[in-house]
Amino acid sequence: MKQSIGAKTLAIPTPVWLVGTYDAAGKANIATAAWGGICCSQPPCLTVSFRKATHTYAAIIERQGYTVNIPSADQVTEADFAGIVSGRDTDKFAAAGLTPVRSELVDAPYIAEFPLIIECRLLHTLEIGLHTQFVGEIVDVKADPAVLGEKGYPDIRKVRPIAWDSAHKGYYGIGEFLGQAWEIGNRLKK
Ligand SMILES: Cc1cc2nc3c(=O)[nH]c(=O)nc-3n(C[C@H](O)[C@H](O)[C@H](O)COP(=O)(O)O)c2cc1C
């Protein structure tokens with residue numbers, strides 16, 4: 001029998017993304033988001049959810065776009081930092097030693113040092129409760145050539161993305177390869 005632990009946000013793991021925005025004054029900012037994921041294949045879309053109290057919330061609405069910057073395991077300190085302090089009173093790019101690059105496709109900056117960048121145009125805004133969900137249409141993905149693998153796509157073993165455990169607030173690296181999708185399940189076909 002399973003043990004009930006209540007209605008909590010425990011769909012572990014979640015991603016660790018840094019969302020890049022320009023505020024109303026044009027200042028580049030980044031904020032950590034774990035409440036996010038891909039939500040549509042065509043048009044390609046993803047979501048991030050922010051509390052109204054964050055500087056990022058107003059910036060996304062103001063600029064109608066944002067970037068998702070995927071850190072590598074060795075950038076976990078920068079990733080955590082961007083989730084601790086607010087861009088309202090700190091220049092997080094400068095404080096973390098990161099370089100903002102102006103996107104040519106959306107009105108938002110991305111992080112030069114991070115291996116994988118997703119540029120998003122705001123498509124929908126959904127007021128849910130404490131968090132507001134922003135659905136962004138992916139207009140481009142940019143990758144450091146060093147993390148590319150087969151077919152010119154990002155190789156997860158080179159990107160080394162971070163997974164977040166909301167149950168114990170821990171950051172984890174990726175684990176071992178378990179099997180090929182749309183293939184390993186065929187073993188159970190009669
Ligand atoms: C691992 C981690 C994940 C986080 N995920 C979210 C999130 O999904 N949504 C959110 O509103 N805040 C999240 N936060 C908190 C914000 O990143 C934090 O409030 C930050 O200071 C907001 O920055 P800003 O005011 O510059 O936008 C997270 C923090 C950490 C450390």
# chains A, B, ... in the order shown; residues from 1 in each chain; ligands from 1
>>> closest_atom_pairs(of="chain A", to="ligand 1", cutoff="7 Å", atoms="only C-alpha atoms and all ligand atoms", output="CSV")
residue,atom,partner,partner_atom_place_in_ligand_line,distance
A:Val16,CA,ligand 1,1 (C),6.1
A:Asn29,CA,ligand 1,26 (O),6.1
A:Ile30,CA,ligand 1,26 (O),6.0
A:Ala31,CA,ligand 1,23 (O),4.5
A:Thr32,CA,ligand 1,17 (O),3.9
A:Ala33,CA,ligand 1,5 (N),3.4
A:Ala34,CA,ligand 1,5 (N),3.9
A:Trp35,CA,ligand 1,8 (O),3.7
A:Gly36,CA,ligand 1,8 (O),6.4
A:Val48,CA,ligand 1,8 (O),6.5
A:Ser49,CA,ligand 1,9 (N),5.1
A:Phe50,CA,ligand 1,11 (O),3.3
A:Arg51,CA,ligand 1,11 (O),4.1
A:Thr54,CA,ligand 1,25 (O),3.7
A:His55,CA,ligand 1,25 (O),3.7
A:Thr56,CA,ligand 1,27 (O),3.6
A:Tyr57,CA,ligand 1,27 (O),6.5
A:Asp80,CA,ligand 1,31 (C),4.8
A:Ala82,CA,ligand 1,17 (O),6.0
A:Gly83,CA,ligand 1,17 (O),3.3
A:Ile84,CA,ligand 1,21 (O),4.7
A:Val85,CA,ligand 1,21 (O),4.2
A:Ser86,CA,ligand 1,26 (O),3.6
A:Gly87,CA,ligand 1,26 (O),3.5
A:Arg88,CA,ligand 1,25 (O),5.9
A:His131,CA,ligand 1,11 (O),6.4
A:Trp164,CA,ligand 1,1 (C),6.4
>>> write_last_selection(atoms="N, CA and C atoms", output="compact mmCIF listing (two decimals), in the first residue's frame")
# COMPACT_ATOMS: atom_id res chain seq x y z
N VAL A 16 16.13 22.52 -14.21
CA VAL A 16 16.69 23.76 -13.64
C VAL A 16 17.01 24.64 -14.85
N ASN A 29 18.34 40.40 -17.01
CA ASN A 29 18.17 39.66 -15.76
C ASN A 29 18.04 38.17 -16.06
N ILE A 30 18.33 37.37 -15.05
CA ILE A 30 18.12 35.93 -15.11
C ILE A 30 17.50 35.47 -13.80
N ALA A 31 16.61 34.49 -13.91
CA ALA A 31 15.99 33.93 -12.71
C ALA A 31 15.82 32.43 -12.89
N THR A 32 16.06 31.70 -11.83
CA THR A 32 15.96 30.25 -11.88
C THR A 32 14.51 29.81 -11.88
N ALA A 33 14.20 28.84 -12.71
CA ALA A 33 12.84 28.29 -12.75
C ALA A 33 12.91 26.77 -12.77
N ALA A 34 12.17 26.18 -11.84
CA ALA A 34 12.05 24.72 -11.83
C ALA A 34 10.65 24.30 -12.27
N TRP A 35 9.71 25.26 -12.24
CA TRP A 35 8.35 24.95 -12.68
C TRP A 35 8.27 25.24 -14.18
N GLY A 36 8.66 24.28 -14.97
CA GLY A 36 8.64 24.47 -16.41
C GLY A 36 8.78 23.15 -17.15
N VAL A 48 7.05 28.26 -18.53
CA VAL A 48 7.72 28.57 -17.27
C VAL A 48 6.66 29.24 -16.40
N SER A 49 6.76 29.08 -15.10
CA SER A 49 5.77 29.70 -14.20
C SER A 49 6.49 30.54 -13.16
N PHE A 50 6.01 31.77 -13.00
CA PHE A 50 6.64 32.68 -12.04
C PHE A 50 5.61 33.30 -11.12
N ARG A 51 6.05 33.59 -9.90
CA ARG A 51 5.23 34.35 -8.96
C ARG A 51 5.24 35.82 -9.37
N THR A 54 8.14 38.18 -8.43
CA THR A 54 9.48 38.17 -9.05
C THR A 54 9.60 39.32 -10.05
N HIS A 55 10.83 39.74 -10.25
CA HIS A 55 11.12 40.76 -11.25
C HIS A 55 10.85 40.19 -12.65
N THR A 56 11.09 38.92 -12.79
CA THR A 56 10.93 38.25 -14.09
C THR A 56 9.49 38.27 -14.57
N TYR A 57 8.55 38.12 -13.66
CA TYR A 57 7.12 38.11 -14.02
C TYR A 57 6.77 39.35 -14.85
N ASP A 80 21.88 28.32 -8.91
CA ASP A 80 21.26 28.51 -7.60
C ASP A 80 21.22 30.00 -7.24
N ALA A 82 20.99 32.58 -9.12
CA ALA A 82 19.95 33.32 -9.85
C ALA A 82 18.56 33.09 -9.25
N GLY A 83 18.45 32.08 -8.39
CA GLY A 83 17.19 31.79 -7.73
C GLY A 83 17.11 32.30 -6.30
N ILE A 84 18.19 32.91 -5.86
CA ILE A 84 18.25 33.38 -4.47
C ILE A 84 18.05 34.89 -4.37
N VAL A 85 18.61 35.62 -5.33
CA VAL A 85 18.54 37.09 -5.29
C VAL A 85 17.66 37.60 -6.43
N SER A 86 17.17 38.82 -6.28
CA SER A 86 16.30 39.39 -7.32
C SER A 86 17.02 40.40 -8.19
N GLY A 87 16.65 40.39 -9.45
CA GLY A 87 17.19 41.36 -10.40
C GLY A 87 16.70 42.77 -10.12
N ARG A 88 15.74 42.87 -9.24
CA ARG A 88 15.23 44.19 -8.86
C ARG A 88 16.34 45.02 -8.21
N HIS A 131 1.39 31.03 -8.86
CA HIS A 131 2.21 31.16 -10.07
C HIS A 131 1.36 31.48 -11.30
N TRP A 164 16.27 18.89 -10.61
CA TRP A 164 16.00 19.42 -9.27
C TRP A 164 15.02 18.53 -8.53
>>> select_by_dssp(residues="segment 20-175 of chain A", states="alpha helix (DSSP H)", output="list in words")
His55, Thr56, Tyr57, Ala58, Ala59, Ile60, Ile61, Glu62, Arg63, Val76, Thr77, Glu78, Ala79, Asp80, Phe81, Lys92, Phe93, Ala94, Ala95, Ala96, Ile156, Arg157, Lys158 and Val159 of chain A
>>> atom_distance(atom1="atom CA of Phe114 of chain A", atom2="atom CA of Phe134 of chain A")
22.0 Å
>>> closest_residue(among="A:Lys142, A:Lys151, A:Arg187, A:Arg63", to="Leu123 of chain A", atoms="only C-alpha atoms")
A:Arg63
>>> closest_residue(among="A:Gly175, A:Pro145, A:Gly26, A:Gly6", to="Asp107 of chain A", atoms="only C-alpha atoms")
A:Gly26
>>> select_by_dssp(residues="segment 58-122 of chain A", states="strand (DSSP E)", output="list in words")
Gly65, Tyr66, Thr67, Val68, Asn69, Ile70, Pro100, Val101, Arg102, Pro109, Tyr110, Ile111, Leu116, Ile117, Ile118, Glu119, Cys120, Arg121 and Leu122 of chain A
>>> closest_residue(among="A:Ala73, A:Ile156, A:Ala108, A:Cys120", to="Thr47 of chain A", atoms="only C-alpha atoms")
A:Cys120
>>> residues_around(residues="Pro161 of chain A", least_positions_apart="4", cutoff="7 Å", atoms="only C-alpha atoms", output="mmCIF file with C-alpha atoms, in the first residue's frame")
data_model
loop_
_atom_site.group_PDB
_atom_site.id
_atom_site.type_symbol
_atom_site.label_atom_id
_atom_site.label_comp_id
_atom_site.auth_asym_id
_atom_site.auth_seq_id
_atom_site.Cartn_x
_atom_site.Cartn_y
_atom_site.Cartn_z
ATOM 1 C CA ILE A 70 20.038 25.376 -19.637
ATOM 2 C CA PRO A 71 23.028 25.131 -17.306
ATOM 3 C CA SER A 72 25.612 22.385 -17.285
ATOM 4 C CA ALA A 73 26.381 20.538 -14.029
ATOM 5 C CA GLY A 173 23.276 15.296 -12.392
ATOM 6 C CA ILE A 174 21.840 13.009 -15.036
#
>>> atom_distance(atom1="atom CA of Gly65 of chain A", atom2="atom CA of Gly20 of chain A")
9.1 Å
>>> residues_around(residues="Pro100 of chain A", least_positions_apart="4", cutoff="7 Å", atoms="only C-alpha atoms", output="VMD selection string")
chain A and resid 28 93 109 to 112
>>> residues_around(residues="Cys45 of chain A", least_positions_apart="3", cutoff="9 Å", atoms="only C-alpha atoms", output="number ranges by chain")
A: 37-42, 120, 123, 135-139
>>> write_last_selection(atoms="N, CA and C atoms", output="PDB file, in the first residue's frame")
ATOM      1  N   GLY A  37       8.455  23.196 -18.415  1.00  0.00           N
ATOM      2  CA  GLY A  37       8.599  21.996 -19.241  1.00  0.00           C
ATOM      3  C   GLY A  37       8.095  22.244 -20.643  1.00  0.00           C
ATOM      4  N   ILE A  38       8.373  21.308 -21.528  1.00  0.00           N
ATOM      5  CA  ILE A  38       7.839  21.362 -22.884  1.00  0.00           C
ATOM      6  C   ILE A  38       6.341  21.102 -22.803  1.00  0.00           C
ATOM      7  N   CYS A  39       5.536  21.862 -23.584  1.00  0.00           N
ATOM      8  CA  CYS A  39       4.086  21.653 -23.491  1.00  0.00           C
ATOM      9  C   CYS A  39       3.413  21.433 -24.839  1.00  0.00           C
ATOM     10  N   CYS A  40       4.115  21.622 -25.950  1.00  0.00           N
ATOM     11  CA  CYS A  40       3.503  21.348 -27.261  1.00  0.00           C
ATOM     12  C   CYS A  40       4.617  21.083 -28.273  1.00  0.00           C
ATOM     13  N   SER A  41       4.343  20.128 -29.193  1.00  0.00           N
ATOM     14  CA  SER A  41       5.342  19.814 -30.227  1.00  0.00           C
ATOM     15  C   SER A  41       5.203  20.723 -31.438  1.00  0.00           C
ATOM     16  N   GLN A  42       3.943  21.036 -31.811  1.00  0.00           N
ATOM     17  CA  GLN A  42       3.718  21.869 -32.986  1.00  0.00           C
ATOM     18  C   GLN A  42       2.578  22.836 -32.748  1.00  0.00           C
ATOM     19  N   CYS A 120      12.141  32.174 -26.729  1.00  0.00           N
ATOM     20  CA  CYS A 120      10.685  32.009 -26.718  1.00  0.00           C
ATOM     21  C   CYS A 120       9.945  33.325 -26.870  1.00  0.00           C
ATOM     22  N   LEU A 123       3.282  33.356 -25.894  1.00  0.00           N
ATOM     23  CA  LEU A 123       2.094  32.957 -26.656  1.00  0.00           C
ATOM     24  C   LEU A 123       0.828  33.041 -25.795  1.00  0.00           C
ATOM     25  N   VAL A 135       3.314  30.452 -21.495  1.00  0.00           N
ATOM     26  CA  VAL A 135       3.580  29.520 -22.592  1.00  0.00           C
ATOM     27  C   VAL A 135       4.359  30.287 -23.652  1.00  0.00           C
ATOM     28  N   GLY A 136       5.528  29.803 -23.967  1.00  0.00           N
ATOM     29  CA  GLY A 136       6.357  30.471 -24.961  1.00  0.00           C
ATOM     30  C   GLY A 136       6.544  29.609 -26.195  1.00  0.00           C
ATOM     31  N   GLU A 137       6.351  30.225 -27.358  1.00  0.00           N
ATOM     32  CA  GLU A 137       6.634  29.494 -28.589  1.00  0.00           C
ATOM     33  C   GLU A 137       8.136  29.526 -28.833  1.00  0.00           C
ATOM     34  N   ILE A 138       8.713  28.385 -29.051  1.00  0.00           N
ATOM     35  CA  ILE A 138      10.152  28.283 -29.283  1.00  0.00           C
ATOM     36  C   ILE A 138      10.443  28.765 -30.704  1.00  0.00           C
ATOM     37  N   VAL A 139      11.206  29.860 -30.805  1.00  0.00           N
ATOM     38  CA  VAL A 139      11.506  30.385 -32.141  1.00  0.00           C
ATOM     39  C   VAL A 139      12.898  29.951 -32.610  1.00  0.00           C
TER      40      VAL A 139
END
>>> decode(residues="segment 4-25 of chain A", atoms="N, CA and C atoms", output="compact mmCIF listing (two decimals), in the first residue's frame")
# COMPACT_ATOMS: atom_id res chain seq x y z
N SER A 4 0.16 8.10 1.60
CA SER A 4 -0.23 9.42 1.11
C SER A 4 0.61 10.49 1.81
N ILE A 5 1.17 11.41 1.00
CA ILE A 5 1.93 12.51 1.61
C ILE A 5 1.34 13.88 1.24
N GLY A 6 0.13 13.87 0.68
CA GLY A 6 -0.60 15.12 0.48
C GLY A 6 -0.46 15.72 -0.90
N ALA A 7 -1.23 16.80 -1.14
CA ALA A 7 -1.27 17.48 -2.43
C ALA A 7 -0.10 18.46 -2.51
N LYS A 8 1.02 18.00 -3.02
CA LYS A 8 2.22 18.83 -3.07
C LYS A 8 2.87 18.76 -4.45
N THR A 9 3.75 19.71 -4.72
CA THR A 9 4.40 19.78 -6.04
C THR A 9 5.59 18.83 -6.09
N LEU A 10 5.29 17.54 -6.04
CA LEU A 10 6.38 16.56 -5.92
C LEU A 10 6.55 15.70 -7.17
N ALA A 11 6.35 16.30 -8.34
CA ALA A 11 6.60 15.57 -9.58
C ALA A 11 8.10 15.63 -9.86
N ILE A 12 8.86 14.84 -9.12
CA ILE A 12 10.32 14.93 -9.23
C ILE A 12 10.85 14.06 -10.36
N PRO A 13 11.93 14.44 -11.04
CA PRO A 13 12.61 15.71 -10.91
C PRO A 13 11.98 16.76 -11.83
N THR A 14 12.35 18.01 -11.62
CA THR A 14 11.98 19.06 -12.56
C THR A 14 13.28 19.64 -13.13
N PRO A 15 13.18 20.39 -14.24
CA PRO A 15 14.41 20.97 -14.79
C PRO A 15 14.92 22.13 -13.94
N VAL A 16 16.13 22.52 -14.21
CA VAL A 16 16.69 23.76 -13.64
C VAL A 16 17.01 24.64 -14.85
N TRP A 17 16.19 25.66 -15.03
CA TRP A 17 16.36 26.58 -16.15
C TRP A 17 16.62 27.97 -15.61
N LEU A 18 17.39 28.75 -16.34
CA LEU A 18 17.53 30.16 -16.01
C LEU A 18 16.80 30.95 -17.09
N VAL A 19 15.82 31.74 -16.67
CA VAL A 19 15.00 32.48 -17.61
C VAL A 19 15.58 33.88 -17.77
N GLY A 20 15.90 34.23 -19.00
CA GLY A 20 16.51 35.52 -19.30
C GLY A 20 15.48 36.53 -19.77
N THR A 21 15.53 37.73 -19.20
CA THR A 21 14.58 38.79 -19.58
C THR A 21 15.28 40.16 -19.55
N TYR A 22 14.64 41.12 -20.22
CA TYR A 22 14.97 42.53 -20.03
C TYR A 22 13.82 43.16 -19.27
N ASP A 23 14.14 43.96 -18.24
CA ASP A 23 13.05 44.64 -17.53
C ASP A 23 12.64 45.90 -18.29
N ALA A 24 11.71 46.64 -17.72
CA ALA A 24 11.18 47.83 -18.40
C ALA A 24 12.27 48.86 -18.70
N ALA A 25 13.31 48.88 -17.85
CA ALA A 25 14.41 49.84 -18.03
C ALA A 25 15.49 49.30 -18.97
